[in-house]
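Colleague: Pasting upload_8.txt here (compact mmCIF, C-alpha atoms):
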# COMPACT_ATOMS: atom_id res chain seq x y z
CA MET D 1 0.00 0.00 0.00
CA ALA D 2 2.84 2.39 0.86
CA ASN D 3 4.53 1.67 -2.48
CA LEU D 4 1.26 2.27 -4.31
CA HIS D 5 0.78 5.61 -2.53
CA GLN D 6 4.33 6.67 -3.39
CA THR D 7 3.89 5.69 -7.04
CA LEU D 8 0.61 7.57 -7.37
CA THR D 9 2.12 10.62 -5.70
CA GLN D 10 5.06 10.62 -8.12
CA ARG D 11 2.73 10.36 -11.11
CA VAL D 12 0.61 13.22 -9.87
CA ASN D 13 3.72 15.35 -9.32
CA THR D 14 4.98 14.59 -12.81
CA ALA D 15 1.62 15.35 -14.39
CA LEU D 16 0.96 18.59 -12.58
CA HIS D 17 4.57 19.85 -12.30
CA PHE D 18 4.06 20.92 -8.69
CA PRO D 19 7.48 20.08 -7.19
CA ALA D 20 6.51 21.25 -3.69
CA PHE D 21 4.31 18.16 -3.39
CA ARG D 22 7.44 16.05 -3.36
CA SER D 23 7.76 17.12 0.28
CA ARG D 24 5.72 14.78 2.45
CA ASN D 25 5.12 17.44 5.08
CA PHE D 26 3.84 19.93 2.53
CA ARG D 27 1.37 17.40 1.15
CA PHE D 28 -0.09 16.88 4.61
CA TYR D 29 -0.14 20.63 5.24
CA PHE D 30 -1.89 21.38 1.96
CA LEU D 31 -4.56 18.74 2.52
CA GLY D 32 -5.32 19.65 6.12
CA GLN D 33 -5.30 23.42 5.67
CA SER D 34 -7.45 23.29 2.52
CA LEU D 35 -10.22 21.72 4.55
CA SER D 36 -9.72 23.90 7.61
CA LEU D 37 -9.53 27.24 5.78
CA SER D 38 -12.77 26.54 3.92
CA GLY D 39 -14.48 26.24 7.30
CA THR D 40 -12.72 29.38 8.55
CA PHE D 41 -13.97 31.53 5.66
CA MET D 42 -17.41 29.98 6.11
CA THR D 43 -17.45 31.14 9.73
CA GLN D 44 -16.34 34.63 8.71
CA VAL D 45 -19.53 34.87 6.65
CA ALA D 46 -21.83 33.27 9.21
CA VAL D 47 -20.79 35.28 12.29
CA PRO D 48 -21.73 38.74 10.89
CA TRP D 49 -24.99 37.35 9.54
CA LEU D 50 -25.86 35.86 12.92
CA ILE D 51 -24.94 39.06 14.78
CA TYR D 52 -27.18 41.12 12.51
CA ASP D 53 -29.95 38.53 12.80
CA VAL D 54 -29.78 38.79 16.61
CA THR D 55 -29.39 42.59 16.90
CA HIS D 56 -30.89 44.06 13.68
CA SER D 57 -28.42 46.89 14.25
CA ALA D 58 -25.95 48.05 11.60
CA TRP D 59 -23.99 49.94 14.28
CA LEU D 60 -23.56 46.86 16.48
CA LEU D 61 -22.59 44.86 13.40
CA GLY D 62 -19.89 47.43 12.63
CA LEU D 63 -18.73 47.43 16.24
CA ALA D 64 -18.42 43.65 16.23
CA GLY D 65 -16.45 43.77 13.00
CA PHE D 66 -14.05 46.36 14.39
CA LEU D 67 -13.51 44.55 17.71
CA GLY D 68 -13.09 41.24 15.88
CA PHE D 69 -10.40 42.77 13.71
CA LEU D 70 -8.56 44.63 16.48
CA PRO D 71 -6.81 41.58 18.07
CA ALA D 72 -5.37 40.57 14.72
CA LEU D 73 -3.96 44.05 14.22
CA VAL D 74 -2.39 44.16 17.70
CA LEU D 75 -1.15 40.56 17.96
CA THR D 76 0.29 40.04 14.47
CA PRO D 77 3.73 41.62 15.20
CA PHE D 78 4.05 39.68 18.48
CA SER D 79 3.08 36.48 16.70
CA GLY D 80 6.19 36.96 14.57
CA VAL D 81 8.30 37.20 17.73
CA LEU D 82 6.67 34.00 18.99
CA SER D 83 7.35 32.32 15.66
CA ASP D 84 11.08 33.05 15.93
CA ARG D 85 11.36 31.93 19.57
CA TRP D 86 9.37 28.66 19.58
CA SER D 87 8.61 25.73 17.31
CA ARG D 88 6.22 26.92 14.59
CA HIS D 89 4.89 23.39 14.25
CA TYR D 90 3.97 23.25 17.92
CA VAL D 91 2.50 26.75 18.10
CA LEU D 92 0.45 26.25 14.93
CA THR D 93 -1.00 23.06 16.39
CA LEU D 94 -2.00 24.93 19.56
CA VAL D 95 -3.62 27.65 17.46
CA GLN D 96 -5.69 25.03 15.60
CA LEU D 97 -6.86 23.55 18.91
CA PHE D 98 -7.80 27.00 20.19
CA GLY D 99 -9.66 27.79 16.96
CA MET D 100 -11.58 24.51 17.16
CA THR D 101 -12.59 25.35 20.74
CA VAL D 102 -13.93 28.77 19.71
CA SER D 103 -15.79 27.36 16.71
CA GLY D 104 -17.18 24.55 18.86
CA SER D 105 -18.47 27.13 21.34
CA LEU D 106 -20.24 28.96 18.52
CA THR D 107 -21.79 25.68 17.40
CA ALA D 108 -23.05 24.91 20.90
CA LEU D 109 -24.49 28.41 21.40
CA VAL D 110 -26.47 28.29 18.17
CA PHE D 111 -27.84 24.76 18.56
CA THR D 112 -28.89 25.41 22.16
CA GLY D 113 -30.53 28.71 21.25
CA MET D 114 -28.31 30.67 23.68
CA ALA D 115 -26.61 32.91 21.10
CA SER D 116 -26.74 36.57 22.17
CA PHE D 117 -24.87 39.68 21.11
CA PRO D 118 -22.48 39.70 24.12
CA SER D 119 -21.57 36.03 23.64
CA LEU D 120 -21.15 36.43 19.88
CA LEU D 121 -19.02 39.54 20.42
CA ILE D 122 -16.71 37.71 22.83
CA LEU D 123 -16.30 34.77 20.45
CA SER D 124 -15.74 37.15 17.53
CA VAL D 125 -12.87 38.75 19.46
CA LEU D 126 -11.46 35.29 20.20
CA LEU D 127 -11.59 34.47 16.48
CA GLY D 128 -9.61 37.68 15.90
CA ILE D 129 -7.00 36.43 18.35
CA VAL D 130 -6.75 33.15 16.42
CA LYS D 131 -6.27 35.09 13.17
CA GLY D 132 -3.66 37.42 14.66
CA ILE D 133 -1.50 34.58 15.96
CA ASP D 134 -2.05 32.27 13.01
CA MET D 135 -1.15 34.41 9.97
CA PRO D 136 2.59 35.11 10.45
CA ILE D 137 3.28 31.61 11.72
CA ARG D 138 1.43 30.03 8.79
CA HIS D 139 3.45 32.06 6.26
CA ALA D 140 6.79 31.30 7.92
CA PHE D 141 5.95 27.62 8.46
CA VAL D 142 5.82 26.93 4.72
CA SER D 143 9.61 27.33 4.53
CA ASP D 144 10.02 24.72 7.28
CA ILE D 145 8.11 21.96 5.48
CA VAL D 146 9.64 22.09 2.00
CA SER D 147 12.60 19.73 1.81
CA ASP D 148 14.21 21.39 -1.24
CA ARG D 149 14.72 25.17 -1.08
CA ALA D 150 14.34 25.35 -4.87
CA ASP D 151 10.71 24.28 -4.40
CA LEU D 152 9.89 27.18 -2.07
CA THR D 153 8.52 29.35 -4.89
CA ASN D 154 6.15 26.59 -5.91
CA ALA D 155 5.13 25.93 -2.29
CA ILE D 156 4.26 29.60 -1.70
CA ALA D 157 2.25 29.70 -4.93
CA LEU D 158 0.36 26.55 -3.93
CA ASN D 159 -0.24 28.02 -0.49
CA SER D 160 -1.74 31.08 -2.19
CA ILE D 161 -3.91 28.84 -4.37
CA MET D 162 -5.16 27.14 -1.24
CA LEU D 163 -6.02 30.46 0.41
CA SER D 164 -7.72 31.85 -2.70
CA SER D 165 -9.76 28.74 -3.45
CA SER D 166 -10.83 28.49 0.20
CA ARG D 167 -11.83 32.17 0.13
CA LEU D 168 -13.93 31.36 -2.94
CA MET D 169 -15.48 28.07 -1.83
CA GLY D 170 -15.95 28.73 1.90
CA PRO D 171 -18.34 31.70 1.60
CA ALA D 172 -20.19 30.03 -1.29
CA ILE D 173 -20.87 26.86 0.71
CA GLY D 174 -21.55 28.94 3.81
CA GLY D 175 -24.19 30.94 1.95
CA ILE D 176 -25.94 27.74 0.89
CA LEU D 177 -25.89 26.36 4.44
CA LEU D 178 -27.16 29.67 5.86
CA ALA D 179 -30.06 29.67 3.44
CA THR D 180 -30.99 26.02 3.94
CA VAL D 181 -30.06 24.67 7.39
CA GLY D 182 -28.83 27.70 9.34
CA ALA D 183 -25.65 29.17 10.82
CA GLY D 184 -25.19 26.33 13.32
CA PHE D 185 -24.16 23.92 10.58
CA CYS D 186 -21.60 26.44 9.25
CA PHE D 187 -19.97 26.48 12.67
CA LEU D 188 -20.24 22.70 12.95
CA PHE D 189 -18.46 22.26 9.62
CA ASP D 190 -15.73 24.67 10.74
CA THR D 191 -15.29 22.83 14.04
CA LEU D 192 -14.94 19.46 12.33
CA SER D 193 -12.64 20.88 9.65
CA TYR D 194 -10.05 21.73 12.32
CA LEU D 195 -9.69 18.00 12.95
CA GLY D 196 -8.26 17.62 9.44
CA ALA D 197 -5.69 20.35 10.07
CA ILE D 198 -4.71 18.91 13.45
CA TRP D 199 -4.39 15.40 11.99
CA ALA D 200 -2.19 16.73 9.18
CA LEU D 201 0.08 18.61 11.59
CA ALA D 202 0.34 15.56 13.85
CA SER D 203 1.30 13.39 10.85
CA MET D 204 4.23 15.60 9.86
CA ARG D 205 7.83 14.86 10.70
CA VAL D 206 9.22 18.36 11.13
CA VAL D 207 12.75 19.20 12.17
CA ASP D 208 12.48 22.16 14.53
CA GLN D 209 13.66 25.21 12.56
CA SER D 210 12.98 27.71 15.33
CA ILE D 211 15.74 29.55 17.10
CA ALA D 212 16.56 28.52 20.65
CA LYS D 213 14.71 30.41 23.35
CA GLN D 214 16.22 33.84 23.59
CA ASN D 215 16.88 35.79 26.73
CA THR D 216 15.78 39.04 25.11
CA ASN D 217 12.32 40.24 26.02
CA PRO D 218 9.55 40.31 23.39
CA TRP D 219 9.67 44.10 23.02
CA LYS D 220 13.37 44.02 22.22
CA SER D 221 12.85 41.15 19.77
CA LEU D 222 10.08 43.10 18.08
CA GLN D 223 12.30 46.18 17.85
CA GLU D 224 15.10 44.07 16.38
CA GLY D 225 12.72 42.72 13.73
CA PHE D 226 11.48 46.20 12.84
CA SER D 227 15.06 47.47 12.57
CA TYR D 228 15.92 44.55 10.26
CA VAL D 229 12.94 45.27 8.01
CA TYR D 230 13.67 49.01 7.92
CA THR D 231 17.36 48.69 7.06
CA PHE D 232 17.03 45.81 4.57
CA LEU D 233 16.25 47.70 1.34
CA PRO D 234 14.48 44.96 -0.67
CA VAL D 235 12.16 43.96 2.18
CA ARG D 236 11.42 47.56 3.16
CA THR D 237 10.59 48.63 -0.39
CA ILE D 238 8.43 45.59 -1.11
CA LEU D 239 6.45 46.04 2.10
CA ILE D 240 5.88 49.75 1.41
CA LEU D 241 4.48 48.94 -2.03
CA LEU D 242 2.41 46.12 -0.54
CA SER D 243 0.96 48.54 2.02
CA MET D 244 0.05 50.94 -0.77
CA GLN D 245 -1.70 48.15 -2.59
CA GLY D 246 -3.54 47.26 0.60
CA LEU D 247 -4.64 50.88 1.03
CA PHE D 248 -5.60 51.72 -2.56
CA GLY D 249 -5.61 48.50 -4.59
CA ILE D 250 -8.37 46.68 -2.68
CA SER D 251 -10.44 49.81 -2.07
CA TYR D 252 -12.95 48.67 -4.68
CA MET D 253 -14.24 46.02 -2.26
CA ALA D 254 -15.73 48.71 -0.01
CA VAL D 255 -17.78 50.27 -2.81
CA LEU D 256 -18.84 47.08 -4.63
CA PRO D 257 -22.39 47.26 -3.17
CA ILE D 258 -22.76 50.74 -4.73
CA PHE D 259 -21.63 49.49 -8.14
CA ALA D 260 -23.79 46.36 -7.92
CA ALA D 261 -26.99 48.14 -6.89
CA ASP D 262 -26.83 51.67 -8.36
CA ILE D 263 -24.36 51.70 -11.25
CA LEU D 264 -24.78 48.21 -12.73
CA GLN D 265 -28.45 48.01 -11.67
CA GLY D 266 -28.11 44.57 -10.10
CA GLY D 267 -28.96 43.08 -6.73
CA ALA D 268 -27.54 40.71 -4.14
CA GLY D 269 -26.76 38.16 -6.83
CA ALA D 270 -24.76 40.70 -8.81
CA LEU D 271 -22.81 41.63 -5.69
CA GLY D 272 -22.01 37.96 -5.10
CA PHE D 273 -20.63 37.52 -8.62
CA LEU D 274 -18.58 40.71 -8.40
CA SER D 275 -17.17 39.68 -5.00
CA ALA D 276 -16.22 36.23 -6.29
CA SER D 277 -14.53 37.60 -9.41
CA GLY D 278 -11.42 38.68 -7.53
CA ALA D 279 -11.06 35.21 -6.00
CA VAL D 280 -11.31 33.62 -9.46
CA GLY D 281 -8.52 35.89 -10.65
CA SER D 282 -6.47 34.91 -7.60
CA VAL D 283 -6.73 31.22 -8.46
CA ILE D 284 -5.65 31.90 -12.06
CA ALA D 285 -2.64 33.95 -10.92
CA CYS D 286 -1.56 31.33 -8.41
CA ALA D 287 -1.85 28.58 -11.02
CA TYR D 288 0.61 30.54 -13.16
CA LEU D 289 3.01 31.22 -10.29
CA SER D 290 2.98 27.57 -9.26
CA GLN D 291 4.81 26.73 -12.49
CA ARG D 292 7.73 29.07 -11.70
CA ARG D 293 10.94 28.10 -9.95
CA GLY D 294 13.32 30.59 -8.36
CA ILE D 295 12.86 34.29 -7.70
CA ALA D 296 14.61 35.76 -10.75
CA GLY D 297 12.41 38.44 -12.26
CA LEU D 298 9.75 38.40 -9.55
CA GLU D 299 10.68 41.92 -8.45
CA ARG D 300 9.65 43.20 -11.90
CA ILE D 301 6.27 41.49 -11.58
CA ILE D 302 5.86 43.08 -8.13
CA GLY D 303 6.59 46.51 -9.59
CA PHE D 304 4.17 46.34 -12.52
CA CYS D 305 1.22 44.74 -10.67
CA PRO D 306 -0.02 47.96 -8.96
CA ALA D 307 -0.09 49.70 -12.35
CA ALA D 308 -2.14 46.79 -13.74
CA ILE D 309 -4.50 47.12 -10.78
CA GLY D 310 -4.79 50.85 -11.38
CA ILE D 311 -5.62 50.36 -15.07
CA GLY D 312 -8.20 47.75 -14.10
CA LEU D 313 -9.82 50.06 -11.55
CA ILE D 314 -10.05 52.85 -14.12
CA ALA D 315 -11.75 50.50 -16.56
CA PHE D 316 -14.11 49.22 -13.83
CA SER D 317 -15.09 52.75 -12.81
CA TYR D 318 -16.21 53.51 -16.38
CA SER D 319 -17.83 50.13 -17.12
CA ARG D 320 -21.62 49.96 -17.22
CA SER D 321 -21.73 46.36 -18.41
CA PHE D 322 -22.07 43.70 -15.72
CA PHE D 323 -20.27 41.04 -17.76
CA LEU D 324 -17.39 43.38 -18.58
CA SER D 325 -17.14 44.45 -14.93
CA VAL D 326 -16.80 40.82 -13.84
CA LEU D 327 -13.98 40.25 -16.35
CA ILE D 328 -12.20 43.40 -15.18
CA LEU D 329 -12.36 42.34 -11.53
CA ILE D 330 -10.94 38.92 -12.45
CA PHE D 331 -7.99 40.80 -13.97
CA VAL D 332 -7.67 43.05 -10.90
CA GLY D 333 -7.84 40.04 -8.54
CA ALA D 334 -5.15 38.24 -10.55
CA ALA D 335 -2.82 41.26 -10.46
CA GLY D 336 -3.34 41.77 -6.73
CA THR D 337 -2.60 38.14 -5.93
CA MET D 338 0.46 38.16 -8.21
CA GLN D 339 1.89 41.07 -6.22
CA VAL D 340 1.12 39.50 -2.84
CA ALA D 341 2.41 36.03 -3.75
CA CYS D 342 5.56 37.31 -5.49
CA SER D 343 6.30 39.59 -2.52
CA ASN D 344 5.90 36.61 -0.19
CA THR D 345 8.24 34.49 -2.32
CA VAL D 346 11.00 37.08 -2.62
CA ILE D 347 10.91 38.01 1.06
CA GLN D 348 10.97 34.40 2.26
CA SER D 349 13.84 33.60 -0.10
CA ILE D 350 16.17 36.35 1.12
CA VAL D 351 15.47 36.90 4.84
CA GLU D 352 17.54 35.39 7.63
CA ASP D 353 15.96 32.31 9.20
CA SER D 354 16.42 33.80 12.66
CA LYS D 355 14.14 36.72 11.75
CA ARG D 356 11.74 35.01 9.35
CA GLY D 357 8.76 34.98 11.72
CA ARG D 358 9.08 38.65 12.61
CA VAL D 359 9.53 39.70 8.99
CA MET D 360 6.45 37.70 7.96
CA SER D 361 4.48 39.34 10.77
CA PHE D 362 5.20 42.74 9.19
CA TYR D 363 4.28 41.23 5.82
CA ALA D 364 0.94 40.09 7.24
CA LEU D 365 0.46 43.46 8.94
CA SER D 366 1.00 45.30 5.65
CA LEU D 367 -1.96 43.35 4.29
CA VAL D 368 -4.29 43.26 7.31
CA GLY D 369 -3.40 46.64 8.76
CA MET D 370 -4.43 48.55 5.66
CA MET D 371 -7.88 46.96 5.32
CA PRO D 372 -9.84 49.21 7.73
CA LEU D 373 -8.04 52.31 6.44
CA SER D 374 -8.81 51.24 2.87
CA ASN D 375 -12.49 50.83 3.67
CA LEU D 376 -12.58 54.20 5.41
CA LEU D 377 -10.74 55.92 2.55
CA ALA D 378 -12.92 54.44 -0.19
CA GLY D 379 -16.12 55.12 1.72
CA SER D 380 -15.16 58.74 2.41
CA LEU D 381 -14.13 59.40 -1.20
CA ALA D 382 -17.29 57.75 -2.51
CA HIS D 383 -19.42 59.86 -0.17
CA ALA D 384 -17.71 63.06 -1.28
CA PHE D 385 -17.21 62.47 -5.02
CA GLY D 386 -19.15 59.32 -5.93
CA ALA D 387 -17.93 55.72 -6.22
CA PRO D 388 -16.51 55.91 -9.79
CA ARG D 389 -14.39 58.97 -9.01
CA ALA D 390 -13.27 57.41 -5.73
CA LEU D 391 -11.84 54.47 -7.69
CA LEU D 392 -10.13 56.84 -10.11
CA VAL D 393 -8.25 58.45 -7.20
CA CYS D 394 -7.20 55.03 -5.87
CA ALA D 395 -6.20 53.89 -9.37
CA ILE D 396 -3.90 56.90 -9.84
CA ALA D 397 -2.27 56.17 -6.46
CA CYS D 398 -1.62 52.55 -7.55
CA ILE D 399 0.00 53.67 -10.80
CA LEU D 400 2.18 56.20 -8.96
CA GLY D 401 3.25 53.43 -6.58
CA SER D 402 4.38 51.33 -9.54
CA ILE D 403 6.36 54.22 -11.00
CA TRP D 404 8.12 54.78 -7.66
CA PHE D 405 8.99 51.08 -7.32
CA VAL D 406 10.12 50.57 -10.92
CA ARG D 407 12.53 53.50 -10.66
CA GLN D 408 14.34 51.59 -7.89
CA LEU D 409 14.42 48.25 -9.70
CA PRO D 410 18.13 48.27 -10.70
CA VAL D 411 19.26 48.74 -7.09
CA LEU D 412 16.62 46.33 -5.80
CA THR D 413 17.54 43.61 -8.28
CA ARG D 414 21.21 43.74 -7.27
CA SER D 415 20.31 43.69 -3.56
CA ILE D 416 17.94 40.74 -4.02
CA ARG D 417 20.55 38.72 -5.94
CA VAL D 418 23.18 39.31 -3.26
CA ALA D 419 20.76 38.47 -0.44
CA ASP D 420 19.52 35.34 -2.23
CA GLN D 421 23.08 34.09 -2.77
CA GLN D 422 23.91 34.70 0.87
CA ALA D 423 20.74 32.88 2.02
CA LYS D 424 21.54 29.88 -0.20
CA SER D 425 25.10 29.69 1.13
CA VAL D 426 23.90 29.44 4.75
Kindly transcribe the structure held in the file into structure tokens.
Modeller:
Amino acid sequence: MANLHQTLTQRVNTALHFPAFRSRNFRFYFLGQSLSLSGTFMTQVAVPWLIYDVTHSAWLLGLAGFLGFLPALVLTPFSGVLSDRWSRHYVLTLVQLFGMTVSGSLTALVFTGMASFPSLLILSVLLGIVKGIDMPIRHAFVSDIVSDRADLTNAIALNSIMLSSSRLMGPAIGGILLATVGAGFCFLFDTLSYLGAIWALASMRVVDQSIAKQNTNPWKSLQEGFSYVYTFLPVRTILILLSMQGLFGISYMAVLPIFAADILQGGAGALGFLSASGAVGSVIACAYLSQRRGIAGLERIIGFCPAAIGIGLIAFSYSRSFFLSVLILIFVGAAGTMQVACSNTVIQSIVEDSKRGRVMSFYALSLVGMMPLSNLLAGSLAHAFGAPRALLVCAIACILGSIWFVRQLPVLTRSIRVADQQAKSV
């Protein structure tokens, strides 16, 4: 049976050209996390719906969303410190157990009819804690479970495919369950899905890549990580551009309801298709990136992606055709994911192992930290000038970001090559 499994795995690898799957640990990780993340995104849809169903208050819904996001914003940098001080395999397993406990509590509350706004708010905050600890460790852990460093690019691309497909499938299945059997079954699915992730982590044979426990306090470790990011030109420049993309490039998500209802004259169904378009583009982009090996040339892709996003947002702001708007958002979603995934690949390939967790926490923060500001910016601009003009402003900012980055490409390329050679020699 073992020989048959190995033979089938080799044939699948050969057929699909996904070299990261040659790593046994990565195969387990991919399988377990694909199931678990689908449940996670399902819960992220069901919790707001349930809160609004209980309170019928838009203000309380917004408050719950803010408080649920706040722990992730605060804890993400410290999660990077934790990732560099302790075994990522062990900490990630504990996070899965904690997440399963929170999701199980949600399941019990709904099925017993005891769900109330205070209890849902507390559990929403706990889910934010799970997210804040989980993200940096998950990104850094990928480098620990790929046996051949040359396969890291492929592993990061496959990890992005997993995230994008889960973000597409989880809410879709969650919406069906909400409409047919209720929120309790969404939470039940999420609770059970954690078992797959825990089983996969338990089945891995991981050599501890973490640094020995340090005597420095967490604040000093965090300061050391920030200093490393600030003084390391390639990482600093990539994260600045990524933050700009997080602020301006995803701003269209905040005004999609306006385009769906008022500009494209659609309804809830139109909004659903427009929201899913970006995820479809993400899957396409990740499928392309999964075929690449090495980081040569990725910095050029990073530089041109914001300009592509800007052009797409300009086209979307002028489009009055629903079908054309969907195609444009697929293009925008693909460009955004290309930038995020390529940034992840380059950063992970050139950073020091001793600081990987902290660097990836700033990477995660550049994505998560800009989301509320992006929503606020887009909403304010749309209120003042209208949604189409708001997107034009954001599109121009994206294009200017690309111009700034591309002008630094010669220096960045040399720095990345030197850093990559030094990382490979370690």
Colleague: Smallest atom-to-atom distance to Ala155 (chain D): which of D:Ala140, D:Ile309, D:Ala279, D:Leu177, using all atoms listed in the file?
Modeller: D:Ala140
Colleague: Which polymer residues have any atom within 10 Å of an atom of region 414-418 of chain D, counting only C-alpha atoms, with same-chain residues fewer than 2 positions away left out, as a list in words?
Modeller: Phe232, Leu233, Pro234, Val235, Ile295, Ala296, Glu299, Val346, Ile347, Ser349, Ile350, Val351, Leu409, Pro410, Val411, Leu412, Asp420, Gln421, Gln422 and Ala423 of chain D
Colleague: How far is it from CA of Ala150 (chain D) to CA of Arg356 (chain D), in Å with one decimal?
Modeller: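 Distance between the two atoms: 17.4 Å.
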Colleague: Using all atoms listed in the file - which residues lie no farther than 7 Å from the point (-12.7, 52.3, -3.5) in the file's frame? Write them as a PyMOL selection string.
Modeller: chain D and resi 251-255+378-379+387+390-391+394
Colleague: Given all atoms listed in the file as the basis, pick out the residue of D:Phe117, D:Phe28, D:Phe21, D:Phe41 nearest to Phe189 (chain D).
Modeller: D:Phe41
Colleague: Kindly indicate which residue among D:Val102, D:Ile328, D:Val81, D:Leu242 lies nearest to Lys131 (chain D), using all atoms listed in the file for the distances.
Modeller: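 Counting all atoms listed in the file, the residue closest to Lys131 (chain D) is D:Val102.
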Colleague: Please compute the CA of Phe26 (chain D)-CA of Ala200 (chain D) distance, one decimal, in Å.
Modeller: 9.5 Å
Colleague: Nearest residue to Pro71 (chain D) out of D:Gly386, D:Pro118, D:Gly128, D:Gly278, using all atoms listed in the file?
Modeller: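 Nearest candidate to Pro71 (chain D) out of D:Gly386, D:Pro118, D:Gly128, D:Gly278: D:Gly128.
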Colleague: Pick from D:Arg205, D:Lys220, D:Arg85, D:Arg167: nearest to Asp144 (chain D), with only C-alpha atoms counted?
Modeller: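 Using only C-alpha atoms, Asp144 (chain D) sits closest to D:Arg205.
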Colleague: Using the file's own x, y and z axes, what box holds all listed atoms of region 113-129 of chain D with 6 Å on each side, keeping edges along x, y and z, and what are its centre and edge lengths in Å to one decimal, as AutoDock Vina command-line options?
Modeller:
--center_x -18.8 --center_y 34.2 --center_z 20.0 --size_x 35.5 --size_y 23.0 --size_z 20.2
Colleague: Considering all atoms listed in the file, can you say which of D:Phe66, D:Ile403, D:Leu126, D:Cys342 comes closest to Cys286 (chain D)?
Modeller: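 Counting all atoms listed in the file, the residue closest to Cys286 (chain D) is D:Cys342.
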Colleague: One decimal, in Å: what's the spacing between CA of Ser221 (chain D) and CA of Ala72 (chain D)?
Modeller: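 Rounded to one decimal, the two atoms are 18.9 Å apart.
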Colleague: Applying 9 Å and only C-alpha atoms, which residues near Leu163 (chain D) remain after dropping the ones on its own chain fewer than 2 positions away? List them as an MDAnalysis selection string.
Modeller: chainID D and resid 33:34 37:38 158:161 165:168 283
Colleague: Need to verify the contact set: Ser275 (chain D), 9 Å, all atoms listed in the file, exclusion of same-chain residues closer than 2 positions in sequence. Can you return it as a PyMOL selection string?
Modeller: chain D and resi 253+256+270-273+277-279+326+329
Colleague: I'd like the contact shell of Ile399 (chain D) - 7 Å cut-off, all atoms listed in the file, skipping same-chain residues fewer than 4 positions apart - returned as a ChimeraX atom specification.
Modeller: /D:306-307,310,395,403
Colleague: Please output region 325-338 of chain D, rebuilt to include N, CA and C atoms, as a PDB file, keeping the file's coordinate frame.
Modeller:
ATOM      1  N   SER D 325     -17.622  44.141 -16.282  1.00  0.00           N
ATOM      2  CA  SER D 325     -17.140  44.450 -14.930  1.00  0.00           C
ATOM      3  C   SER D 325     -16.606  43.206 -14.232  1.00  0.00           C
ATOM      4  N   VAL D 326     -17.274  42.076 -14.419  1.00  0.00           N
ATOM      5  CA  VAL D 326     -16.800  40.820 -13.840  1.00  0.00           C
ATOM      6  C   VAL D 326     -15.434  40.448 -14.407  1.00  0.00           C
ATOM      7  N   LEU D 327     -15.274  40.565 -15.723  1.00  0.00           N
ATOM      8  CA  LEU D 327     -13.980  40.250 -16.350  1.00  0.00           C
ATOM      9  C   LEU D 327     -12.879  41.164 -15.844  1.00  0.00           C
ATOM     10  N   ILE D 328     -13.203  42.441 -15.675  1.00  0.00           N
ATOM     11  CA  ILE D 328     -12.200  43.400 -15.180  1.00  0.00           C
ATOM     12  C   ILE D 328     -11.755  43.036 -13.777  1.00  0.00           C
ATOM     13  N   LEU D 329     -12.710  42.677 -12.909  1.00  0.00           N
ATOM     14  CA  LEU D 329     -12.360  42.340 -11.530  1.00  0.00           C
ATOM     15  C   LEU D 329     -11.572  41.028 -11.454  1.00  0.00           C
ATOM     16  N   ILE D 330     -11.788  40.119 -12.384  1.00  0.00           N
ATOM     17  CA  ILE D 330     -10.940  38.920 -12.450  1.00  0.00           C
ATOM     18  C   ILE D 330      -9.498  39.331 -12.721  1.00  0.00           C
ATOM     19  N   PHE D 331      -9.318  40.278 -13.648  1.00  0.00           N
ATOM     20  CA  PHE D 331      -7.990  40.800 -13.970  1.00  0.00           C
ATOM     21  C   PHE D 331      -7.373  41.503 -12.760  1.00  0.00           C
ATOM     22  N   VAL D 332      -8.157  42.335 -12.081  1.00  0.00           N
ATOM     23  CA  VAL D 332      -7.670  43.050 -10.900  1.00  0.00           C
ATOM     24  C   VAL D 332      -7.288  42.059  -9.794  1.00  0.00           C
ATOM     25  N   GLY D 333      -8.129  41.044  -9.559  1.00  0.00           N
ATOM     26  CA  GLY D 333      -7.840  40.040  -8.540  1.00  0.00           C
ATOM     27  C   GLY D 333      -6.566  39.263  -8.855  1.00  0.00           C
ATOM     28  N   ALA D 334      -6.360  38.960 -10.143  1.00  0.00           N
ATOM     29  CA  ALA D 334      -5.150  38.240 -10.550  1.00  0.00           C
ATOM     30  C   ALA D 334      -3.902  39.098 -10.306  1.00  0.00           C
ATOM     31  N   ALA D 335      -3.975  40.381 -10.658  1.00  0.00           N
ATOM     32  CA  ALA D 335      -2.820  41.260 -10.460  1.00  0.00           C
ATOM     33  C   ALA D 335      -2.511  41.452  -8.983  1.00  0.00           C
ATOM     34  N   GLY D 336      -3.555  41.607  -8.158  1.00  0.00           N
ATOM     35  CA  GLY D 336      -3.340  41.770  -6.730  1.00  0.00           C
ATOM     36  C   GLY D 336      -2.695  40.551  -6.102  1.00  0.00           C
ATOM     37  N   THR D 337      -3.167  39.371  -6.489  1.00  0.00           N
ATOM     38  CA  THR D 337      -2.600  38.140  -5.930  1.00  0.00           C
ATOM     39  C   THR D 337      -1.180  37.914  -6.434  1.00  0.00           C
ATOM     40  N   MET D 338      -0.902  38.286  -7.685  1.00  0.00           N
ATOM     41  CA  MET D 338       0.460  38.160  -8.210  1.00  0.00           C
ATOM     42  C   MET D 338       1.415  38.991  -7.359  1.00  0.00           C
TER      43      MET D 338
END
